[in-house]
file final_34.txt (compact mmCIF, N, CA and C atoms)
# COMPACT_ATOMS: atom_id res chain seq x y z
N MET A 1 119.28 124.31 80.54
CA MET A 1 119.66 122.91 80.42
C MET A 1 118.42 122.02 80.30
N ASP A 2 117.41 122.21 81.16
CA ASP A 2 116.20 121.40 81.09
C ASP A 2 115.54 121.52 79.73
N THR A 3 115.50 122.74 79.17
CA THR A 3 114.87 122.96 77.88
C THR A 3 115.60 122.17 76.80
N ILE A 4 116.90 122.18 76.81
CA ILE A 4 117.68 121.44 75.82
C ILE A 4 117.40 119.95 75.94
N ILE A 5 117.44 119.43 77.16
CA ILE A 5 117.21 117.99 77.37
C ILE A 5 115.80 117.62 76.95
N ASN A 6 114.81 118.40 77.38
CA ASN A 6 113.42 118.10 77.03
C ASN A 6 113.21 118.12 75.52
N THR A 7 113.81 119.07 74.83
CA THR A 7 113.67 119.17 73.39
C THR A 7 114.33 117.99 72.70
N GLU A 8 115.53 117.65 73.12
CA GLU A 8 116.26 116.56 72.48
C GLU A 8 115.60 115.21 72.71
N ILE A 9 115.08 115.00 73.88
CA ILE A 9 114.55 113.67 74.22
C ILE A 9 113.03 113.62 74.07
N GLY A 10 112.38 114.77 74.16
CA GLY A 10 110.94 114.79 74.02
C GLY A 10 110.21 114.32 75.26
N LYS A 11 110.80 114.45 76.40
CA LYS A 11 110.17 114.05 77.66
C LYS A 11 109.81 115.30 78.44
N GLU A 12 108.73 115.24 79.18
CA GLU A 12 108.37 116.38 80.02
C GLU A 12 109.31 116.51 81.20
N ASN A 13 109.62 115.42 81.85
CA ASN A 13 110.47 115.45 83.04
C ASN A 13 111.64 114.50 82.86
N ILE A 14 112.82 115.04 83.00
CA ILE A 14 114.03 114.24 82.99
C ILE A 14 114.74 114.52 84.30
N TYR A 15 115.11 113.48 85.00
CA TYR A 15 115.82 113.62 86.26
C TYR A 15 117.25 113.16 86.04
N LEU A 16 118.20 113.98 86.40
CA LEU A 16 119.61 113.64 86.23
C LEU A 16 120.23 113.26 87.55
N TYR A 17 121.23 112.41 87.50
CA TYR A 17 122.04 112.12 88.67
C TYR A 17 123.47 111.92 88.22
N PRO A 18 124.40 112.61 88.83
CA PRO A 18 124.26 113.81 89.63
C PRO A 18 123.59 114.92 88.82
N GLU A 19 123.05 115.88 89.53
CA GLU A 19 122.18 116.87 88.90
C GLU A 19 122.90 117.94 88.11
N ASP A 20 124.21 118.09 88.26
CA ASP A 20 124.92 119.17 87.57
C ASP A 20 126.05 118.63 86.70
N PRO A 21 125.73 118.25 85.45
CA PRO A 21 126.76 117.69 84.58
C PRO A 21 127.79 118.71 84.10
N SER A 22 127.58 119.99 84.41
CA SER A 22 128.54 121.01 83.97
C SER A 22 129.77 121.07 84.87
N ARG A 23 129.71 120.46 86.06
CA ARG A 23 130.86 120.47 86.97
C ARG A 23 131.81 119.33 86.64
N ASP A 24 133.08 119.64 86.50
CA ASP A 24 134.07 118.63 86.16
C ASP A 24 134.32 117.63 87.28
N ASP A 25 134.12 118.04 88.53
CA ASP A 25 134.45 117.17 89.65
C ASP A 25 133.27 116.31 90.11
N SER A 26 132.13 116.44 89.47
CA SER A 26 130.99 115.65 89.90
C SER A 26 130.88 114.38 89.07
N GLY A 27 130.01 113.54 89.44
CA GLY A 27 129.81 112.27 88.78
C GLY A 27 129.55 111.21 89.83
N THR A 28 129.06 110.08 89.40
CA THR A 28 128.79 109.02 90.36
C THR A 28 130.10 108.45 90.89
N GLU A 29 130.05 107.93 92.08
CA GLU A 29 131.23 107.27 92.65
C GLU A 29 131.28 105.81 92.24
N ARG A 30 130.13 105.16 92.17
CA ARG A 30 130.09 103.72 91.94
C ARG A 30 129.42 103.34 90.62
N GLY A 31 128.87 104.31 89.93
CA GLY A 31 128.20 104.03 88.66
C GLY A 31 129.21 103.81 87.54
N ILE A 32 128.85 102.96 86.60
CA ILE A 32 129.70 102.76 85.43
C ILE A 32 129.81 104.06 84.64
N ASN A 33 128.70 104.79 84.54
CA ASN A 33 128.69 106.08 83.86
C ASN A 33 128.79 107.20 84.88
N ARG A 34 129.30 108.34 84.46
CA ARG A 34 129.39 109.48 85.37
C ARG A 34 128.02 110.08 85.65
N TYR A 35 127.12 110.06 84.63
CA TYR A 35 125.80 110.67 84.77
C TYR A 35 124.75 109.72 84.23
N TYR A 36 123.55 109.84 84.79
CA TYR A 36 122.40 109.04 84.37
C TYR A 36 121.19 109.93 84.19
N LYS A 37 120.33 109.56 83.24
CA LYS A 37 119.05 110.22 83.04
C LYS A 37 117.96 109.23 83.41
N PHE A 38 116.92 109.72 84.09
CA PHE A 38 115.83 108.86 84.52
C PHE A 38 114.49 109.48 84.15
N ASP A 39 113.48 108.63 84.03
CA ASP A 39 112.13 109.09 83.74
C ASP A 39 111.38 109.49 85.00
N SER A 40 111.89 109.10 86.16
CA SER A 40 111.15 109.39 87.39
C SER A 40 112.09 109.80 88.52
N LYS A 41 111.53 110.54 89.44
CA LYS A 41 112.26 110.93 90.64
C LYS A 41 112.62 109.69 91.46
N GLY A 42 111.74 108.67 91.44
CA GLY A 42 112.00 107.44 92.18
C GLY A 42 113.23 106.70 91.67
N GLU A 43 113.41 106.63 90.35
CA GLU A 43 114.61 106.00 89.79
C GLU A 43 115.85 106.80 90.17
N GLN A 44 115.73 108.12 90.14
CA GLN A 44 116.85 108.97 90.53
C GLN A 44 117.23 108.70 91.98
N GLU A 45 116.25 108.61 92.86
CA GLU A 45 116.52 108.34 94.27
C GLU A 45 117.15 106.97 94.46
N PHE A 46 116.72 105.97 93.70
CA PHE A 46 117.29 104.63 93.77
C PHE A 46 118.78 104.71 93.42
N ALA A 47 119.13 105.46 92.37
CA ALA A 47 120.53 105.62 91.97
C ALA A 47 121.34 106.32 93.05
N ILE A 48 120.76 107.33 93.67
CA ILE A 48 121.45 108.05 94.75
C ILE A 48 121.77 107.09 95.90
N GLN A 49 120.80 106.25 96.26
CA GLN A 49 121.01 105.29 97.35
C GLN A 49 122.06 104.24 96.97
N LEU A 50 122.04 103.78 95.72
CA LEU A 50 123.08 102.85 95.27
C LEU A 50 124.45 103.49 95.40
N ASP A 51 124.56 104.74 94.96
CA ASP A 51 125.85 105.43 94.95
C ASP A 51 126.36 105.72 96.36
N LYS A 52 125.45 105.88 97.31
CA LYS A 52 125.84 106.18 98.70
C LYS A 52 126.19 104.93 99.50
N ASP A 53 125.72 103.77 99.07
CA ASP A 53 125.92 102.54 99.84
C ASP A 53 127.34 102.02 99.62
N PRO A 54 128.19 102.00 100.66
CA PRO A 54 129.57 101.57 100.50
C PRO A 54 129.71 100.10 100.09
N LYS A 55 128.67 99.30 100.29
CA LYS A 55 128.74 97.89 99.89
C LYS A 55 128.43 97.69 98.41
N VAL A 56 127.87 98.72 97.77
CA VAL A 56 127.68 98.65 96.32
C VAL A 56 129.02 98.97 95.68
N LYS A 57 129.55 98.05 94.93
CA LYS A 57 130.85 98.24 94.29
C LYS A 57 130.71 98.82 92.89
N LEU A 58 129.61 98.52 92.23
CA LEU A 58 129.40 98.97 90.87
C LEU A 58 127.92 98.87 90.54
N PHE A 59 127.40 99.83 89.78
CA PHE A 59 126.03 99.73 89.32
C PHE A 59 125.88 100.46 87.99
N THR A 60 124.83 100.12 87.28
CA THR A 60 124.45 100.87 86.09
C THR A 60 122.98 100.70 85.83
N LYS A 61 122.41 101.68 85.20
CA LYS A 61 121.04 101.62 84.71
C LYS A 61 121.14 100.98 83.33
N LEU A 62 120.41 99.91 83.11
CA LEU A 62 120.43 99.23 81.82
C LEU A 62 119.57 100.00 80.83
N SER A 63 120.10 100.26 79.67
CA SER A 63 119.34 101.05 78.70
C SER A 63 118.41 100.15 77.89
N LYS A 64 117.23 100.68 77.64
CA LYS A 64 116.24 99.94 76.84
C LYS A 64 116.85 99.64 75.48
N GLY A 65 116.75 98.41 75.08
CA GLY A 65 117.28 98.00 73.80
C GLY A 65 118.75 97.59 73.85
N GLY A 66 119.45 97.97 74.92
CA GLY A 66 120.85 97.59 75.05
C GLY A 66 121.00 96.18 75.59
N PHE A 67 120.09 95.78 76.43
CA PHE A 67 120.06 94.44 77.00
C PHE A 67 118.61 94.00 76.94
N ILE A 68 118.32 92.94 76.21
CA ILE A 68 116.93 92.53 76.00
C ILE A 68 116.75 91.07 76.38
N ILE A 69 115.68 90.81 77.11
CA ILE A 69 115.23 89.44 77.36
C ILE A 69 113.97 89.27 76.51
N ASP A 70 114.02 88.31 75.61
CA ASP A 70 112.88 88.03 74.74
C ASP A 70 111.89 87.18 75.53
N THR A 71 110.70 87.69 75.75
CA THR A 71 109.68 86.94 76.50
C THR A 71 108.46 86.74 75.60
N PRO A 72 107.57 85.82 75.96
CA PRO A 72 106.33 85.66 75.19
C PRO A 72 105.45 86.91 75.25
N TYR A 73 105.78 87.83 76.13
CA TYR A 73 104.97 89.04 76.33
C TYR A 73 105.63 90.28 75.74
N GLY A 74 106.69 90.08 74.97
CA GLY A 74 107.42 91.18 74.36
C GLY A 74 108.81 91.31 74.96
N ASN A 75 109.61 92.18 74.36
CA ASN A 75 110.96 92.41 74.85
C ASN A 75 110.93 93.04 76.24
N TYR A 76 111.89 92.65 77.05
CA TYR A 76 111.94 93.14 78.42
C TYR A 76 113.38 93.50 78.77
N THR A 77 113.57 94.69 79.32
CA THR A 77 114.86 95.13 79.81
C THR A 77 114.71 95.51 81.28
N PRO A 78 115.35 94.78 82.20
CA PRO A 78 115.32 95.19 83.61
C PRO A 78 115.99 96.56 83.76
N ASP A 79 115.84 97.16 84.93
CA ASP A 79 116.33 98.52 85.14
C ASP A 79 117.80 98.61 85.55
N TRP A 80 118.28 97.71 86.40
CA TRP A 80 119.58 97.88 87.05
C TRP A 80 120.43 96.63 87.02
N ALA A 81 121.75 96.81 86.94
CA ALA A 81 122.73 95.76 87.19
C ALA A 81 123.60 96.28 88.34
N ILE A 82 123.78 95.45 89.37
CA ILE A 82 124.44 95.88 90.61
C ILE A 82 125.42 94.81 91.07
N VAL A 83 126.64 95.22 91.43
CA VAL A 83 127.61 94.32 92.08
C VAL A 83 127.70 94.78 93.53
N TYR A 84 127.50 93.85 94.43
CA TYR A 84 127.39 94.16 95.86
C TYR A 84 128.40 93.35 96.65
N GLU A 85 129.05 93.97 97.60
CA GLU A 85 130.02 93.28 98.46
C GLU A 85 129.29 92.68 99.66
N ASP A 86 129.62 91.44 99.95
CA ASP A 86 129.06 90.80 101.14
C ASP A 86 130.17 89.98 101.79
N ASN A 87 130.45 90.29 103.04
CA ASN A 87 131.51 89.59 103.77
C ASN A 87 132.85 89.64 103.04
N GLY A 88 133.15 90.81 102.49
CA GLY A 88 134.44 90.99 101.83
C GLY A 88 134.53 90.45 100.42
N LYS A 89 133.46 89.88 99.89
CA LYS A 89 133.46 89.34 98.54
C LYS A 89 132.67 90.26 97.62
N ASP A 90 133.16 90.49 96.42
CA ASP A 90 132.45 91.31 95.44
C ASP A 90 131.69 90.45 94.44
N ASN A 91 131.24 89.29 94.85
CA ASN A 91 130.66 88.40 93.87
C ASN A 91 129.15 88.21 94.00
N LEU A 92 128.46 89.17 94.57
CA LEU A 92 127.01 89.12 94.57
C LEU A 92 126.51 90.01 93.44
N TYR A 93 125.77 89.43 92.52
CA TYR A 93 125.31 90.16 91.36
C TYR A 93 123.79 90.26 91.41
N PHE A 94 123.29 91.45 91.18
CA PHE A 94 121.86 91.67 91.24
C PHE A 94 121.38 92.36 89.97
N ILE A 95 120.28 91.89 89.48
CA ILE A 95 119.55 92.58 88.42
C ILE A 95 118.23 92.97 89.07
N SER A 96 117.87 94.22 88.94
CA SER A 96 116.67 94.66 89.62
C SER A 96 115.76 95.45 88.69
N GLU A 97 114.50 95.26 88.89
CA GLU A 97 113.46 96.03 88.22
C GLU A 97 112.87 96.95 89.28
N THR A 98 112.85 98.24 89.03
CA THR A 98 112.26 99.16 90.01
C THR A 98 110.85 99.52 89.58
N LYS A 99 109.96 99.35 90.51
CA LYS A 99 108.57 99.78 90.39
C LYS A 99 108.32 100.63 91.64
N ILE A 100 108.85 101.84 91.60
CA ILE A 100 108.89 102.70 92.78
C ILE A 100 107.49 102.94 93.34
N ASP A 101 107.39 102.71 94.65
CA ASP A 101 106.17 102.93 95.43
C ASP A 101 104.98 102.10 94.96
N LYS A 102 105.23 100.99 94.26
CA LYS A 102 104.13 100.13 93.83
C LYS A 102 104.11 98.84 94.64
N GLU A 103 102.94 98.34 94.89
CA GLU A 103 102.75 97.03 95.49
C GLU A 103 102.45 96.05 94.36
N VAL A 104 102.49 94.76 94.64
CA VAL A 104 102.21 93.74 93.62
C VAL A 104 100.87 94.00 92.95
N ASP A 105 99.87 94.37 93.74
CA ASP A 105 98.54 94.61 93.19
C ASP A 105 98.50 95.80 92.23
N ASP A 106 99.50 96.68 92.31
CA ASP A 106 99.56 97.85 91.43
C ASP A 106 100.19 97.53 90.07
N LEU A 107 100.84 96.38 89.95
CA LEU A 107 101.51 96.01 88.71
C LEU A 107 100.51 95.42 87.72
N SER A 108 100.73 95.70 86.45
CA SER A 108 99.87 95.12 85.42
C SER A 108 100.20 93.64 85.25
N GLY A 109 99.29 92.90 84.66
CA GLY A 109 99.54 91.48 84.41
C GLY A 109 100.77 91.27 83.56
N GLU A 110 100.96 92.13 82.56
CA GLU A 110 102.14 92.03 81.69
C GLU A 110 103.43 92.30 82.47
N GLU A 111 103.41 93.30 83.36
CA GLU A 111 104.60 93.58 84.18
C GLU A 111 104.96 92.38 85.04
N ILE A 112 103.96 91.78 85.66
CA ILE A 112 104.19 90.61 86.52
C ILE A 112 104.77 89.46 85.71
N LEU A 113 104.22 89.22 84.52
CA LEU A 113 104.70 88.12 83.69
C LEU A 113 106.12 88.36 83.19
N LYS A 114 106.44 89.59 82.82
CA LYS A 114 107.81 89.90 82.38
C LYS A 114 108.80 89.74 83.53
N ILE A 115 108.39 90.13 84.74
CA ILE A 115 109.25 89.95 85.91
C ILE A 115 109.48 88.46 86.18
N LYS A 116 108.44 87.65 86.04
CA LYS A 116 108.59 86.19 86.20
C LYS A 116 109.56 85.63 85.16
N CYS A 117 109.46 86.13 83.93
CA CYS A 117 110.39 85.68 82.88
C CYS A 117 111.82 86.10 83.23
N GLY A 118 111.98 87.30 83.77
CA GLY A 118 113.30 87.77 84.18
C GLY A 118 113.89 86.87 85.26
N LYS A 119 113.07 86.49 86.24
CA LYS A 119 113.53 85.58 87.30
C LYS A 119 114.01 84.26 86.71
N ALA A 120 113.22 83.69 85.82
CA ALA A 120 113.58 82.41 85.20
C ALA A 120 114.85 82.55 84.36
N TYR A 121 114.97 83.64 83.64
CA TYR A 121 116.14 83.88 82.79
C TYR A 121 117.41 83.93 83.63
N PHE A 122 117.40 84.73 84.70
CA PHE A 122 118.61 84.88 85.50
C PHE A 122 118.89 83.66 86.37
N LYS A 123 117.87 82.90 86.71
CA LYS A 123 118.10 81.63 87.41
C LYS A 123 118.85 80.67 86.49
N THR A 124 118.45 80.62 85.23
CA THR A 124 119.13 79.77 84.26
C THR A 124 120.58 80.23 84.04
N ILE A 125 120.78 81.52 83.90
CA ILE A 125 122.14 82.06 83.72
C ILE A 125 123.00 81.71 84.94
N SER A 126 122.43 81.84 86.14
CA SER A 126 123.17 81.49 87.37
C SER A 126 123.60 80.03 87.35
N GLU A 127 122.67 79.16 86.99
CA GLU A 127 122.97 77.73 86.97
C GLU A 127 124.02 77.40 85.92
N GLU A 128 123.95 78.04 84.76
CA GLU A 128 124.89 77.75 83.67
C GLU A 128 126.29 78.30 83.94
N THR A 129 126.37 79.43 84.63
CA THR A 129 127.67 80.07 84.84
C THR A 129 128.29 79.80 86.20
N GLY A 130 127.47 79.32 87.14
CA GLY A 130 127.96 79.13 88.50
C GLY A 130 128.05 80.43 89.28
N LYS A 131 127.60 81.53 88.69
CA LYS A 131 127.59 82.83 89.37
C LYS A 131 126.21 83.03 89.99
N ASP A 132 126.19 83.56 91.18
CA ASP A 132 124.92 83.80 91.86
C ASP A 132 124.37 85.15 91.41
N ILE A 133 123.40 85.12 90.49
CA ILE A 133 122.78 86.34 89.99
C ILE A 133 121.35 86.35 90.48
N SER A 134 121.05 87.32 91.33
CA SER A 134 119.72 87.44 91.91
C SER A 134 118.91 88.46 91.11
N PHE A 135 117.66 88.13 90.84
CA PHE A 135 116.77 89.05 90.14
C PHE A 135 115.54 89.28 91.01
N SER A 136 115.16 90.54 91.16
CA SER A 136 113.94 90.86 91.90
C SER A 136 113.43 92.21 91.41
N TRP A 137 112.22 92.53 91.82
CA TRP A 137 111.72 93.87 91.58
C TRP A 137 111.63 94.56 92.93
N ALA A 138 111.77 95.86 92.92
CA ALA A 138 111.78 96.59 94.18
C ALA A 138 110.98 97.88 94.06
N LYS A 139 110.31 98.23 95.14
CA LYS A 139 109.55 99.48 95.15
C LYS A 139 110.34 100.63 95.77
N SER A 140 111.52 100.30 96.35
CA SER A 140 112.41 101.31 96.94
C SER A 140 113.77 100.65 97.16
N TYR A 141 114.76 101.45 97.54
CA TYR A 141 116.08 100.87 97.80
C TYR A 141 116.03 99.96 99.03
N MET A 142 115.30 100.37 100.05
CA MET A 142 115.17 99.52 101.25
C MET A 142 114.49 98.20 100.90
N ASP A 143 113.51 98.25 100.03
CA ASP A 143 112.82 97.04 99.58
C ASP A 143 113.79 96.12 98.82
N PHE A 144 114.64 96.71 97.97
CA PHE A 144 115.67 95.94 97.27
C PHE A 144 116.56 95.22 98.28
N LYS A 145 117.02 95.94 99.32
CA LYS A 145 117.91 95.32 100.31
C LYS A 145 117.18 94.23 101.10
N GLU A 146 115.93 94.48 101.46
CA GLU A 146 115.18 93.49 102.22
C GLU A 146 114.93 92.22 101.40
N LYS A 147 114.53 92.38 100.14
CA LYS A 147 114.23 91.22 99.30
C LYS A 147 115.47 90.38 99.02
N ASN A 148 116.64 91.01 99.10
CA ASN A 148 117.89 90.29 98.83
C ASN A 148 118.70 90.00 100.09
N ASN A 149 118.06 90.18 101.26
CA ASN A 149 118.71 89.90 102.56
C ASN A 149 120.05 90.59 102.71
N LEU A 150 120.10 91.87 102.39
CA LEU A 150 121.35 92.64 102.47
C LEU A 150 121.35 93.53 103.69

call {"tool": "encode", "arguments": {"input": "final_34.txt", "output": "structure tokens"}}
result
Amino acid sequence: MDTIINTEIGKENIYLYPEDPSRDDSGTERGINRYYKFDSKGEQEFAIQLDKDPKVKLFTKLSKGGFIIDTPYGNYTPDWAIVYEDNGKDNLYFISETKIDKEVDDLSGEEILKIKCGKAYFKTISEETGKDISFSWAKSYMDFKEKNNL
């Protein structure tokens, strides 16, 4: 299976979640898709934590090119869209960029600027729609929860 995936996609390492797509009874519980492919073990772990958290009602990994924010620094696609329950309401919406195990000082200038553009974009969308859409970057699932006071 790894050989087929690596050949088709041309990546050295592909991490799947759930890891066995050949089983009919497996698949994510809360993900929009049954299976996800990731470039890093950290993204895979983030998905596992999303899927295990009972307050996460729905999540998906946003595909590059499927959702684009046009910035002065190039096209930008955040990593995740998440619907989270808080106090019995399913109306907390999060868009998150994962930079697993990185601190702010580890991010490139372009990454920081694209994240700032993402914040401004979703703040505007929130104001225009009246929906509370929070955007942040996270170095882990716990960091995501802390930054969003969850």

call {"tool": "select_by_dssp", "arguments": {"input": "final_34.txt", "residues": "region 10-150 of chain A", "states": "helix (DSSP H, G or I)", "output": "CSV table (one decimal) with N, CA and C atoms, in the coordinates of the input"}}
result
chain,number,residue,atom,x,y,z
A,41,LYS,N,111.5,110.5,89.4
A,41,LYS,CA,112.3,110.9,90.6
A,41,LYS,C,112.6,109.7,91.5
A,42,GLY,N,111.7,108.7,91.4
A,42,GLY,CA,112.0,107.4,92.2
A,42,GLY,C,113.2,106.7,91.7
A,43,GLU,N,113.4,106.6,90.4
A,43,GLU,CA,114.6,106.0,89.8
A,43,GLU,C,115.8,106.8,90.2
A,44,GLN,N,115.7,108.1,90.1
A,44,GLN,CA,116.8,109.0,90.5
A,44,GLN,C,117.2,108.7,92.0
A,45,GLU,N,116.2,108.6,92.9
A,45,GLU,CA,116.5,108.3,94.3
A,45,GLU,C,117.2,107.0,94.5
A,46,PHE,N,116.7,106.0,93.7
A,46,PHE,CA,117.3,104.6,93.8
A,46,PHE,C,118.8,104.7,93.4
A,47,ALA,N,119.1,105.5,92.4
A,47,ALA,CA,120.5,105.6,92.0
A,47,ALA,C,121.3,106.3,93.0
A,48,ILE,N,120.8,107.3,93.7
A,48,ILE,CA,121.4,108.0,94.8
A,48,ILE,C,121.8,107.1,95.9
A,49,GLN,N,120.8,106.2,96.3
A,49,GLN,CA,121.0,105.3,97.4
A,49,GLN,C,122.1,104.2,97.0
A,50,LEU,N,122.0,103.8,95.7
A,50,LEU,CA,123.1,102.8,95.3
A,50,LEU,C,124.4,103.5,95.4
A,51,ASP,N,124.6,104.7,95.0
A,51,ASP,CA,125.8,105.4,95.0
A,51,ASP,C,126.4,105.7,96.4
A,52,LYS,N,125.4,105.9,97.3
A,52,LYS,CA,125.8,106.2,98.7
A,52,LYS,C,126.2,104.9,99.5
A,104,VAL,N,102.5,94.8,94.6
A,104,VAL,CA,102.2,93.7,93.6
A,104,VAL,C,100.9,94.0,93.0
A,105,ASP,N,99.9,94.4,93.7
A,105,ASP,CA,98.5,94.6,93.2
A,105,ASP,C,98.5,95.8,92.2
A,106,ASP,N,99.5,96.7,92.3
A,106,ASP,CA,99.6,97.8,91.4
A,106,ASP,C,100.2,97.5,90.1
A,109,GLY,N,99.3,92.9,84.7
A,109,GLY,CA,99.5,91.5,84.4
A,109,GLY,C,100.8,91.3,83.6
A,110,GLU,N,101.0,92.1,82.6
A,110,GLU,CA,102.1,92.0,81.7
A,110,GLU,C,103.4,92.3,82.5
A,111,GLU,N,103.4,93.3,83.4
A,111,GLU,CA,104.6,93.6,84.2
A,111,GLU,C,105.0,92.4,85.0
A,112,ILE,N,104.0,91.8,85.7
A,112,ILE,CA,104.2,90.6,86.5
A,112,ILE,C,104.8,89.5,85.7
A,113,LEU,N,104.2,89.2,84.5
A,113,LEU,CA,104.7,88.1,83.7
A,113,LEU,C,106.1,88.4,83.2
A,114,LYS,N,106.4,89.6,82.8
A,114,LYS,CA,107.8,89.9,82.4
A,114,LYS,C,108.8,89.7,83.5
A,115,ILE,N,108.4,90.1,84.7
A,115,ILE,CA,109.2,90.0,85.9
A,115,ILE,C,109.5,88.5,86.2
A,116,LYS,N,108.4,87.6,86.0
A,116,LYS,CA,108.6,86.2,86.2
A,116,LYS,C,109.6,85.6,85.2
A,117,CYS,N,109.5,86.1,83.9
A,117,CYS,CA,110.4,85.7,82.9
A,117,CYS,C,111.8,86.1,83.2
A,118,GLY,N,112.0,87.3,83.8
A,118,GLY,CA,113.3,87.8,84.2
A,118,GLY,C,113.9,86.9,85.3
A,119,LYS,N,113.1,86.5,86.2
A,119,LYS,CA,113.5,85.6,87.3
A,119,LYS,C,114.0,84.3,86.7
A,120,ALA,N,113.2,83.7,85.8
A,120,ALA,CA,113.6,82.4,85.2
A,120,ALA,C,114.8,82.6,84.4
A,121,TYR,N,115.0,83.6,83.6
A,121,TYR,CA,116.1,83.9,82.8
A,121,TYR,C,117.4,83.9,83.6
A,122,PHE,N,117.4,84.7,84.7
A,122,PHE,CA,118.6,84.9,85.5
A,122,PHE,C,118.9,83.7,86.4
A,123,LYS,N,117.9,82.9,86.7
A,123,LYS,CA,118.1,81.6,87.4
A,123,LYS,C,118.8,80.7,86.5
A,124,THR,N,118.4,80.6,85.2
A,124,THR,CA,119.1,79.8,84.3
A,124,THR,C,120.6,80.2,84.0
A,125,ILE,N,120.8,81.5,83.9
A,125,ILE,CA,122.1,82.1,83.7
A,125,ILE,C,123.0,81.7,84.9
A,126,SER,N,122.4,81.8,86.1
A,126,SER,CA,123.2,81.5,87.4
A,126,SER,C,123.6,80.0,87.4
A,127,GLU,N,122.7,79.2,87.0
A,127,GLU,CA,123.0,77.7,87.0
A,127,GLU,C,124.0,77.4,85.9
A,128,GLU,N,124.0,78.0,84.8
A,128,GLU,CA,124.9,77.8,83.7
A,128,GLU,C,126.3,78.3,83.9
A,129,THR,N,126.4,79.4,84.6
A,129,THR,CA,127.7,80.1,84.8
A,129,THR,C,128.3,79.8,86.2
A,141,TYR,N,114.8,101.4,97.5
A,141,TYR,CA,116.1,100.9,97.8
A,141,TYR,C,116.0,100.0,99.0
A,142,MET,N,115.3,100.4,100.0
A,142,MET,CA,115.2,99.5,101.2
A,142,MET,C,114.5,98.2,100.9
A,143,ASP,N,113.5,98.2,100.0
A,143,ASP,CA,112.8,97.0,99.6
A,143,ASP,C,113.8,96.1,98.8
A,144,PHE,N,114.6,96.7,98.0
A,144,PHE,CA,115.7,95.9,97.3
A,144,PHE,C,116.6,95.2,98.3
A,145,LYS,N,117.0,95.9,99.3
A,145,LYS,CA,117.9,95.3,100.3
A,145,LYS,C,117.2,94.2,101.1
A,146,GLU,N,115.9,94.5,101.5
A,146,GLU,CA,115.2,93.5,102.2
A,146,GLU,C,114.9,92.2,101.4
A,147,LYS,N,114.5,92.4,100.1
A,147,LYS,CA,114.2,91.2,99.3
A,147,LYS,C,115.5,90.4,99.0

call {"tool": "atom_distance", "arguments": {"input": "final_34.txt", "atom1": "CA of Glu111 (chain A)", "atom2": "CA of Arg30 (chain A)"}}
result
28.5 Å

call {"tool": "closest_residue", "arguments": {"input": "final_34.txt", "among": "A:Ile100, A:Cys117, A:Ile69, A:Val83", "to": "Lys55 (chain A)", "atoms": "only N, CA and C atoms"}}
result
A:Val83

call {"tool": "closest_residue", "arguments": {"input": "final_34.txt", "among": "A:Thr28, A:Thr60, A:Ser140, A:Asn149", "to": "Asp101 (chain A)", "atoms": "only C-alpha atoms"}}
result
A:Ser140

call {"tool": "closest_residue", "arguments": {"input": "final_34.txt", "among": "A:Tyr76, A:Phe59, A:Phe135, A:Phe67", "to": "Ser96 (chain A)", "atoms": "only N, CA and C atoms"}}
result
A:Phe135

call {"tool": "atom_distance", "arguments": {"input": "final_34.txt", "atom1": "CA of Tyr36 (chain A)", "atom2": "CA of Leu113 (chain A)"}}
result
27.4 Å

call {"tool": "atom_distance", "arguments": {"input": "final_34.txt", "atom1": "CA of Asp51 (chain A)", "atom2": "atom N of Glu29 (chain A)"}}
result
5.7 Å

call {"tool": "select_by_dssp", "arguments": {"input": "final_34.txt", "residues": "chain A", "states": "strand (DSSP E or B)", "output": "count of residues only"}}
result
42

call {"tool": "closest_residue", "arguments": {"input": "final_34.txt", "among": "A:Leu62, A:Met142, A:Ala120, A:Ile32", "to": "Asp79 (chain A)", "atoms": "all atoms listed in the file"}}
result
A:Leu62

call {"tool": "residues_around", "arguments": {"input": "final_34.txt", "residues": "region 104-110 of chain A", "least_positions_apart": "4", "cutoff": "7 Å", "atoms": "all atoms listed in the file", "output": "VMD selection string"}}
result
chain A and resid 73 114 to 115

call {"tool": "write_last_selection", "arguments": {"input": "final_34.txt", "atoms": "N, CA and C atoms", "output": "compact mmCIF listing (two decimals), keeping the file's coordinate frame"}}
result
# COMPACT_ATOMS: atom_id res chain seq x y z
N TYR A 73 105.78 87.83 76.13
CA TYR A 73 104.97 89.04 76.33
C TYR A 73 105.63 90.28 75.74
N LYS A 114 106.44 89.59 82.82
CA LYS A 114 107.81 89.90 82.38
C LYS A 114 108.80 89.74 83.53
N ILE A 115 108.39 90.13 84.74
CA ILE A 115 109.25 89.95 85.91
C ILE A 115 109.48 88.46 86.18
